$ cat entry.pdb   # PDB, C-alpha atoms
ATOM      1  CA  MET A   1     -83.774 -96.106  67.464  1.00  0.00           C
ATOM      2  CA  ARG A   2     -85.672 -97.234  64.366  1.00  0.00           C
ATOM      3  CA  ILE A   3     -89.173 -96.109  63.345  1.00  0.00           C
ATOM      4  CA  GLU A   4     -91.156 -97.661  60.523  1.00  0.00           C
ATOM      5  CA  LEU A   5     -94.496 -96.416  59.238  1.00  0.00           C
ATOM      6  CA  ILE A   6     -96.884 -99.340  58.843  1.00  0.00           C
ATOM      7  CA  GLU A   7    -100.104 -97.574  57.893  1.00  0.00           C
ATOM      8  CA  THR A   8    -102.071 -94.315  58.004  1.00  0.00           C
ATOM      9  CA  ALA A   9    -105.863 -94.134  57.882  1.00  0.00           C
ATOM     10  CA  GLY A  10    -108.918 -92.075  58.658  1.00  0.00           C
ATOM     11  CA  PHE A  11    -108.481 -89.003  56.478  1.00  0.00           C
ATOM     12  CA  ASP A  12    -111.700 -89.591  54.488  1.00  0.00           C
ATOM     13  CA  SER A  13    -113.699 -90.214  57.666  1.00  0.00           C
ATOM     14  CA  VAL A  14    -112.312 -87.053  59.234  1.00  0.00           C
ATOM     15  CA  ARG A  15    -113.285 -84.995  56.187  1.00  0.00           C
ATOM     16  CA  ARG A  16    -116.827 -86.348  56.432  1.00  0.00           C
ATOM     17  CA  ALA A  17    -117.081 -85.605  60.171  1.00  0.00           C
ATOM     18  CA  LEU A  18    -115.542 -82.169  59.745  1.00  0.00           C
ATOM     19  CA  HIS A  19    -118.682 -80.539  58.348  1.00  0.00           C
ATOM     20  CA  LEU A  20    -121.273 -82.040  60.708  1.00  0.00           C
ATOM     21  CA  PRO A  21    -121.135 -79.178  63.267  1.00  0.00           C
ATOM     22  CA  PHE A  22    -122.004 -76.764  60.450  1.00  0.00           C
ATOM     23  CA  GLY A  23    -125.054 -78.797  59.368  1.00  0.00           C
ATOM     24  CA  LYS A  24    -123.450 -79.679  56.073  1.00  0.00           C
ATOM     25  CA  GLY A  25    -122.702 -82.937  54.353  1.00  0.00           C
ATOM     26  CA  LYS A  26    -119.472 -84.146  52.839  1.00  0.00           C
ATOM     27  CA  SER A  27    -117.433 -81.476  51.054  1.00  0.00           C
ATOM     28  CA  ASP A  28    -116.112 -81.801  47.519  1.00  0.00           C
ATOM     29  CA  ASN A  29    -113.309 -79.310  48.108  1.00  0.00           C
ATOM     30  CA  HIS A  30    -110.268 -81.108  49.532  1.00  0.00           C
ATOM     31  CA  LYS A  31    -108.152 -77.944  49.758  1.00  0.00           C
ATOM     32  CA  LYS A  32    -110.814 -76.032  51.716  1.00  0.00           C
ATOM     33  CA  ASP A  33    -111.223 -79.012  54.051  1.00  0.00           C
ATOM     34  CA  VAL A  34    -107.490 -79.028  54.785  1.00  0.00           C
ATOM     35  CA  GLU A  35    -107.592 -75.266  55.443  1.00  0.00           C
ATOM     36  CA  LEU A  36    -110.571 -75.672  57.805  1.00  0.00           C
ATOM     37  CA  MET A  37    -108.878 -78.515  59.699  1.00  0.00           C
ATOM     38  CA  THR A  38    -105.708 -76.443  60.048  1.00  0.00           C
ATOM     39  CA  ARG A  39    -107.710 -73.511  61.488  1.00  0.00           C
ATOM     40  CA  LEU A  40    -109.492 -75.796  63.942  1.00  0.00           C
ATOM     41  CA  ILE A  41    -106.215 -77.413  65.000  1.00  0.00           C
ATOM     42  CA  LYS A  42    -104.649 -74.022  65.680  1.00  0.00           C
ATOM     43  CA  ALA A  43    -107.710 -73.109  67.778  1.00  0.00           C
ATOM     44  CA  GLY A  44    -106.881 -75.905  70.259  1.00  0.00           C
ATOM     45  CA  ASP A  45    -107.586 -79.551  71.054  1.00  0.00           C
ATOM     46  CA  GLU A  46    -111.237 -78.920  71.882  1.00  0.00           C
ATOM     47  CA  HIS A  47    -111.836 -77.634  68.348  1.00  0.00           C
ATOM     48  CA  ALA A  48    -109.597 -80.208  66.668  1.00  0.00           C
ATOM     49  CA  LYS A  49    -111.177 -83.314  68.173  1.00  0.00           C
ATOM     50  CA  VAL A  50    -111.846 -84.613  64.672  1.00  0.00           C
ATOM     51  CA  MET A  51    -108.075 -85.239  64.390  1.00  0.00           C
ATOM     52  CA  ARG A  52    -108.491 -88.139  66.786  1.00  0.00           C
ATOM     53  CA  GLY A  53    -109.800 -90.008  63.748  1.00  0.00           C
ATOM     54  CA  CYS A  54    -106.578 -89.781  61.715  1.00  0.00           C
ATOM     55  CA  MET A  55    -104.512 -92.745  62.816  1.00  0.00           C
ATOM     56  CA  VAL A  56    -100.930 -93.924  62.337  1.00  0.00           C
ATOM     57  CA  TRP A  57     -99.510 -97.360  63.071  1.00  0.00           C
ATOM     58  CA  LEU A  58     -95.766 -97.465  63.735  1.00  0.00           C
ATOM     59  CA  GLU A  59     -93.213-100.138  64.522  1.00  0.00           C
ATOM     60  CA  ILE A  60     -90.668 -98.582  66.845  1.00  0.00           C
ATOM     61  CA  ASN A  61     -87.462-100.131  68.145  1.00  0.00           C
ATOM     62  CA  ALA A  62     -86.266 -97.923  71.003  1.00  0.00           C
ATOM     63  CA  PRO A  63     -84.503 -98.135  74.365  1.00  0.00           C
ATOM     64  CA  ILE A  64     -86.645 -99.046  77.350  1.00  0.00           C
ATOM     65  CA  TYR A  65     -85.856 -95.658  78.945  1.00  0.00           C
ATOM     66  CA  TRP A  66     -87.503 -93.932  75.947  1.00  0.00           C
ATOM     67  CA  TRP A  67     -90.552 -96.183  76.149  1.00  0.00           C
ATOM     68  CA  ARG A  68     -90.937 -95.205  79.813  1.00  0.00           C
ATOM     69  CA  GLU A  69     -91.167 -91.553  78.776  1.00  0.00           C
ATOM     70  CA  MET A  70     -93.598 -92.409  75.965  1.00  0.00           C
ATOM     71  CA  GLU A  71     -95.973 -93.775  78.632  1.00  0.00           C
ATOM     72  CA  THR A  72     -96.818 -90.106  79.342  1.00  0.00           C
ATOM     73  CA  TYR A  73     -98.994 -90.275  76.219  1.00  0.00           C
ATOM     74  CA  ARG A  74    -101.656 -92.769  77.262  1.00  0.00           C
ATOM     75  CA  TYR A  75    -104.594 -91.126  75.501  1.00  0.00           C
ATOM     76  CA  GLY A  76    -104.608 -91.330  71.741  1.00  0.00           C
ATOM     77  CA  ARG A  77    -101.919 -94.014  71.737  1.00  0.00           C
ATOM     78  CA  GLU A  78    -102.551 -97.725  71.883  1.00  0.00           C
ATOM     79  CA  ARG A  79     -99.957-100.462  72.275  1.00  0.00           C
ATOM     80  CA  LEU A  80    -100.828-103.324  69.964  1.00  0.00           C
ATOM     81  CA  SER A  81     -97.937-105.554  70.967  1.00  0.00           C
ATOM     82  CA  CYS A  82     -94.274-105.516  71.944  1.00  0.00           C
ATOM     83  CA  GLU A  83     -91.335-107.819  72.422  1.00  0.00           C
ATOM     84  CA  SER A  84     -91.768-109.644  75.700  1.00  0.00           C
ATOM     85  CA  THR A  85     -89.000-109.686  78.279  1.00  0.00           C
ATOM     86  CA  MET A  86     -90.754-112.742  79.764  1.00  0.00           C
ATOM     87  CA  HIS A  87     -90.367-114.716  76.522  1.00  0.00           C
ATOM     88  CA  ILE A  88     -87.049-113.285  75.330  1.00  0.00           C
ATOM     89  CA  ASP A  89     -84.853-112.263  78.283  1.00  0.00           C
ATOM     90  CA  CYS A  90     -86.366-114.383  81.054  1.00  0.00           C
ATOM     91  CA  LYS A  91     -87.413-117.529  79.231  1.00  0.00           C
ATOM     92  CA  GLY A  92     -87.812-120.481  81.589  1.00  0.00           C
ATOM     93  CA  LEU A  93     -87.294-118.486  84.782  1.00  0.00           C
ATOM     94  CA  GLN A  94     -89.697-118.422  87.737  1.00  0.00           C
ATOM     95  CA  GLY A  95     -90.129-116.879  91.160  1.00  0.00           C
ATOM     96  CA  ILE A  96     -87.165-115.021  92.677  1.00  0.00           C
ATOM     97  CA  GLU A  97     -84.939-115.958  89.750  1.00  0.00           C
ATOM     98  CA  LEU A  98     -87.434-114.313  87.384  1.00  0.00           C
ATOM     99  CA  GLN A  99     -87.719-111.210  89.596  1.00  0.00           C
ATOM    100  CA  LYS A 100     -83.947-110.829  89.691  1.00  0.00           C
ATOM    101  CA  ALA A 101     -83.574-111.256  85.919  1.00  0.00           C
ATOM    102  CA  LYS A 102     -86.306-108.688  85.213  1.00  0.00           C
ATOM    103  CA  ALA A 103     -84.722-106.201  87.641  1.00  0.00           C
ATOM    104  CA  GLU A 104     -81.394-106.551  85.858  1.00  0.00           C
ATOM    105  CA  ILE A 105     -82.681-105.758  82.366  1.00  0.00           C
ATOM    106  CA  PRO A 106     -80.790-102.592  81.373  1.00  0.00           C
ATOM    107  CA  MET A 107     -82.835 -99.469  80.622  1.00  0.00           C
ATOM    108  CA  GLY A 108     -80.812 -99.054  77.421  1.00  0.00           C
ATOM    109  CA  LYS A 109     -82.006-102.400  76.031  1.00  0.00           C
ATOM    110  CA  MET A 110     -83.822-101.958  72.735  1.00  0.00           C
ATOM    111  CA  GLN A 111     -87.437-103.061  72.680  1.00  0.00           C
ATOM    112  CA  LYS A 112     -89.612-103.280  69.576  1.00  0.00           C
ATOM    113  CA  ALA A 113     -93.314-102.437  69.681  1.00  0.00           C
ATOM    114  CA  VAL A 114     -96.186-101.641  67.371  1.00  0.00           C
ATOM    115  CA  ASP A 115     -98.216 -98.665  68.564  1.00  0.00           C
ATOM    116  CA  MET A 116    -101.167 -96.802  67.094  1.00  0.00           C
ATOM    117  CA  PHE A 117    -101.312 -92.999  67.446  1.00  0.00           C
ATOM    118  CA  SER A 118    -103.938 -90.395  66.638  1.00  0.00           C
ATOM    119  CA  TYR A 119    -102.787 -87.281  64.815  1.00  0.00           C
ATOM    120  CA  GLN A 120    -104.026 -85.250  67.785  1.00  0.00           C
ATOM    121  CA  THR A 121    -101.644 -87.151  70.084  1.00  0.00           C
ATOM    122  CA  LEU A 122     -98.771 -86.898  67.605  1.00  0.00           C
ATOM    123  CA  ARG A 123     -99.297 -83.123  67.556  1.00  0.00           C
ATOM    124  CA  ARG A 124     -99.143 -83.044  71.352  1.00  0.00           C
ATOM    125  CA  ILE A 125     -95.968 -85.162  71.351  1.00  0.00           C
ATOM    126  CA  TYR A 126     -94.368 -82.992  68.679  1.00  0.00           C
ATOM    127  CA  LYS A 127     -95.132 -79.721  70.481  1.00  0.00           C
ATOM    128  CA  GLN A 128     -93.939 -81.025  73.854  1.00  0.00           C
ATOM    129  CA  ARG A 129     -90.869 -83.012  72.774  1.00  0.00           C
ATOM    130  CA  LYS A 130     -89.354 -81.300  69.703  1.00  0.00           C
ATOM    131  CA  ASN A 131     -86.812 -79.447  71.889  1.00  0.00           C
ATOM    132  CA  HIS A 132     -86.267 -82.237  74.425  1.00  0.00           C
ATOM    133  CA  ARG A 133     -82.738 -83.006  75.666  1.00  0.00           C
ATOM    134  CA  LEU A 134     -82.969 -86.669  74.673  1.00  0.00           C
ATOM    135  CA  PRO A 135     -81.861 -87.349  71.060  1.00  0.00           C
ATOM    136  CA  GLU A 136     -84.489 -90.061  70.590  1.00  0.00           C
ATOM    137  CA  TRP A 137     -87.233 -87.437  70.918  1.00  0.00           C
ATOM    138  CA  HIS A 138     -85.596 -85.353  68.197  1.00  0.00           C
ATOM    139  CA  GLN A 139     -85.522 -88.415  65.962  1.00  0.00           C
ATOM    140  CA  PHE A 140     -89.175 -89.202  66.698  1.00  0.00           C
ATOM    141  CA  CYS A 141     -90.228 -85.606  66.001  1.00  0.00           C
ATOM    142  CA  GLU A 142     -88.292 -85.585  62.740  1.00  0.00           C
ATOM    143  CA  PHE A 143     -90.117 -88.772  61.748  1.00  0.00           C
ATOM    144  CA  ILE A 144     -93.478 -87.168  62.618  1.00  0.00           C
ATOM    145  CA  LYS A 145     -92.677 -84.305  60.231  1.00  0.00           C
ATOM    146  CA  GLN A 146     -92.540 -86.815  57.342  1.00  0.00           C
ATOM    147  CA  LEU A 147     -96.097 -88.129  57.839  1.00  0.00           C
ATOM    148  CA  PRO A 148     -98.885 -87.243  55.389  1.00  0.00           C
ATOM    149  CA  TYR A 149    -100.359 -83.805  56.188  1.00  0.00           C
ATOM    150  CA  ALA A 150     -97.866 -83.333  59.033  1.00  0.00           C
ATOM    151  CA  GLU A 151     -97.247 -79.718  58.082  1.00  0.00           C
ATOM    152  CA  GLU A 152    -100.947 -78.926  57.990  1.00  0.00           C
ATOM    153  CA  PHE A 153    -102.164 -80.982  60.983  1.00  0.00           C
ATOM    154  CA  ILE A 154     -99.227 -81.639  63.345  1.00  0.00           C
ATOM    155  CA  THR A 155     -96.400 -79.117  63.133  1.00  0.00           C
ATOM    156  CA  CYS A 156     -98.510 -76.031  62.334  1.00  0.00           C
TER     157      CYS A 156
END
$ encode --input "entry.pdb" --output "structure tokens"
Amino acid sequence: MRIELIETAGFDSVRRALHLPFGKGKSDNHKKDVELMTRLIKAGDEHAKVMRGCMVWLEINAPIYWWREMETYRYGRERLSCESTMHIDCKGLQGIELQKAKAEIPMGKMQKAVDMFSYQTLRRIYKQRKNHRLPEWHQFCEFIKQLPYAEEFITC
């Protein structure tokens, strides 16, 4: 499995949105904003909804069986594109021949995709999968720990 960080975004927008419930404008104190976000995150998803605005784009090359498990996380994760079995493994096939070829693609075959995740979803994945039996989840969780503000917003 290979994971590559493409981009992170949304931290400035999240800081601006953070103070709206309190009737205040944008804060000038970055450290206090991080502390407030951490408190809200620890209070639960309903209080940490602002974290949906922090986004990460990743290119992941992983076995199909891992991707099947990742489908659990449909909210806060968007598939931008992936390698196509139709164009790569089954090129030129049709009908029954195509069905047979698709059915025979091994679950261990590596498939590359670019997905977008919210920090809120990455926190959920981390909490639910960090002790999973499958080594790929350990690798993914270790990668998550390296993201900007991971300690404050994801693994806390």
$ residues_around --input "entry.pdb" --residues "A:Val50" --least-positions-apart "6" --cutoff "7 Å" --atoms "all atoms listed in the file" --output "PDB file with C-alpha atoms, keeping the file's coordinate frame"
ATOM      1  CA  VAL A  14    -112.312 -87.053  59.234  1.00  0.00           C
ATOM      2  CA  ALA A  17    -117.081 -85.605  60.171  1.00  0.00           C
ATOM      3  CA  LEU A  18    -115.542 -82.169  59.745  1.00  0.00           C
TER       4      LEU A  18
END
$ resolve_selection --input "entry.pdb" --expression "the PyMOL selection byres ((chain A and resi 62) around 7)" --output "ChimeraX atom specification"
/A:1-2,60-61,63-64,66-67,110-112
$ resolve_selection --input "entry.pdb" --expression "the PyMOL selection byres ((chain A and resi 77) around 9)" --output "PyMOL selection string"
chain A and resi 73-76+78-79+115-118+121-122
$ write_last_selection --input "entry.pdb" --atoms "C-alpha atoms" --output "mmCIF file, in the frame of the given file"
data_model
loop_
_atom_site.group_PDB
_atom_site.id
_atom_site.type_symbol
_atom_site.label_atom_id
_atom_site.label_comp_id
_atom_site.auth_asym_id
_atom_site.auth_seq_id
_atom_site.Cartn_x
_atom_site.Cartn_y
_atom_site.Cartn_z
ATOM 1 C CA TYR A 73 -98.994 -90.275 76.219
ATOM 2 C CA ARG A 74 -101.656 -92.769 77.262
ATOM 3 C CA TYR A 75 -104.594 -91.126 75.501
ATOM 4 C CA GLY A 76 -104.608 -91.330 71.741
ATOM 5 C CA GLU A 78 -102.551 -97.725 71.883
ATOM 6 C CA ARG A 79 -99.957 -100.462 72.275
ATOM 7 C CA ASP A 115 -98.216 -98.665 68.564
ATOM 8 C CA MET A 116 -101.167 -96.802 67.094
ATOM 9 C CA PHE A 117 -101.312 -92.999 67.446
ATOM 10 C CA SER A 118 -103.938 -90.395 66.638
ATOM 11 C CA THR A 121 -101.644 -87.151 70.084
ATOM 12 C CA LEU A 122 -98.771 -86.898 67.605
#
$ atom_distance --input "entry.pdb" --atom1 "atom CA of A:Arg123" --atom2 "atom CA of A:Asn29"
24.3 Å
$ atom_distance --input "entry.pdb" --atom1 "atom CA of A:Asp12" --atom2 "atom CA of A:Cys141"
24.7 Å
$ residues_around --input "entry.pdb" --residues "A:Tyr65" --least-positions-apart "5" --cutoff "12 Å" --atoms "all atoms listed in the file" --output "short mmCIF file (atom, residue, chain, number, x, y, z; two decimals) with C-alpha atoms, in the coordinates of the input"
data_model
loop_
_atom_site.label_atom_id
_atom_site.label_comp_id
_atom_site.auth_asym_id
_atom_site.auth_seq_id
_atom_site.Cartn_x
_atom_site.Cartn_y
_atom_site.Cartn_z
CA MET A 1 -83.77 -96.11 67.46
CA MET A 70 -93.60 -92.41 75.96
CA GLU A 71 -95.97 -93.78 78.63
CA ILE A 105 -82.68 -105.76 82.37
CA PRO A 106 -80.79 -102.59 81.37
CA MET A 107 -82.84 -99.47 80.62
CA GLY A 108 -80.81 -99.05 77.42
CA LYS A 109 -82.01 -102.40 76.03
CA MET A 110 -83.82 -101.96 72.74
CA GLN A 111 -87.44 -103.06 72.68
CA LEU A 134 -82.97 -86.67 74.67
CA GLU A 136 -84.49 -90.06 70.59
CA TRP A 137 -87.23 -87.44 70.92
#
$ closest_residue --input "entry.pdb" --among "A:Arg15, A:Met86, A:Thr72, A:Lys24" --to "A:Gly53" --atoms "only C-alpha atoms"
A:Arg15
$ closest_residue --input "entry.pdb" --among "A:Cys156, A:Ala9, A:Met51, A:Ile125" --to "A:Glu69" --atoms "only C-alpha atoms"
A:Ile125
$ residues_around --input "entry.pdb" --residues "A:Asp45" --least-positions-apart "4" --cutoff "8 Å" --atoms "only C-alpha atoms" --output "MDAnalysis selection string"
chainID A and resid 41 49 120
$ closest_residue --input "entry.pdb" --among "A:Asp33, A:Glu142, A:Asp28, A:Glu59" --to "A:Glu4" --atoms "all atoms listed in the file"
A:Glu59
$ axis_aligned_box --input "entry.pdb" --around "stretch 72-79 of chain A" --padding-each-side "3 Å" --output "lines of an AutoDock Vina configuration file"
center_x = -100.7
center_y = -95.3
center_z = 75.5
size_x = 13.8
size_y = 16.4
size_z = 13.6
$ resolve_selection --input "entry.pdb" --expression "the PyMOL selection byres ((chain A and resi 151) around 12)" --output "list in words"
Val34, Glu35, Met37, Thr38, Ile41, Tyr119, Arg123, Tyr126, Glu142, Ile144, Lys145, Gln146, Leu147, Pro148, Tyr149, Ala150, Glu152, Phe153, Ile154, Thr155 and Cys156 of chain A
$ closest_residue --input "entry.pdb" --among "A:Met55, A:Leu98, A:Leu80, A:Ile88" --to "A:Glu7" --atoms "all atoms listed in the file"
A:Met55
$ closest_residue --input "entry.pdb" --among "A:Arg39, A:Trp57, A:His30, A:Gly23" --to "A:Thr8" --atoms "all atoms listed in the file"
A:Trp57
$ atom_distance --input "entry.pdb" --atom1 "atom CA of A:Val56" --atom2 "atom CA of A:Ile6"
7.6 Å
$ closest_residue --input "entry.pdb" --among "A:Gly25, A:Ser84, A:Cys54, A:Leu40" --to "A:Ser13" --atoms "only C-alpha atoms"
A:Cys54
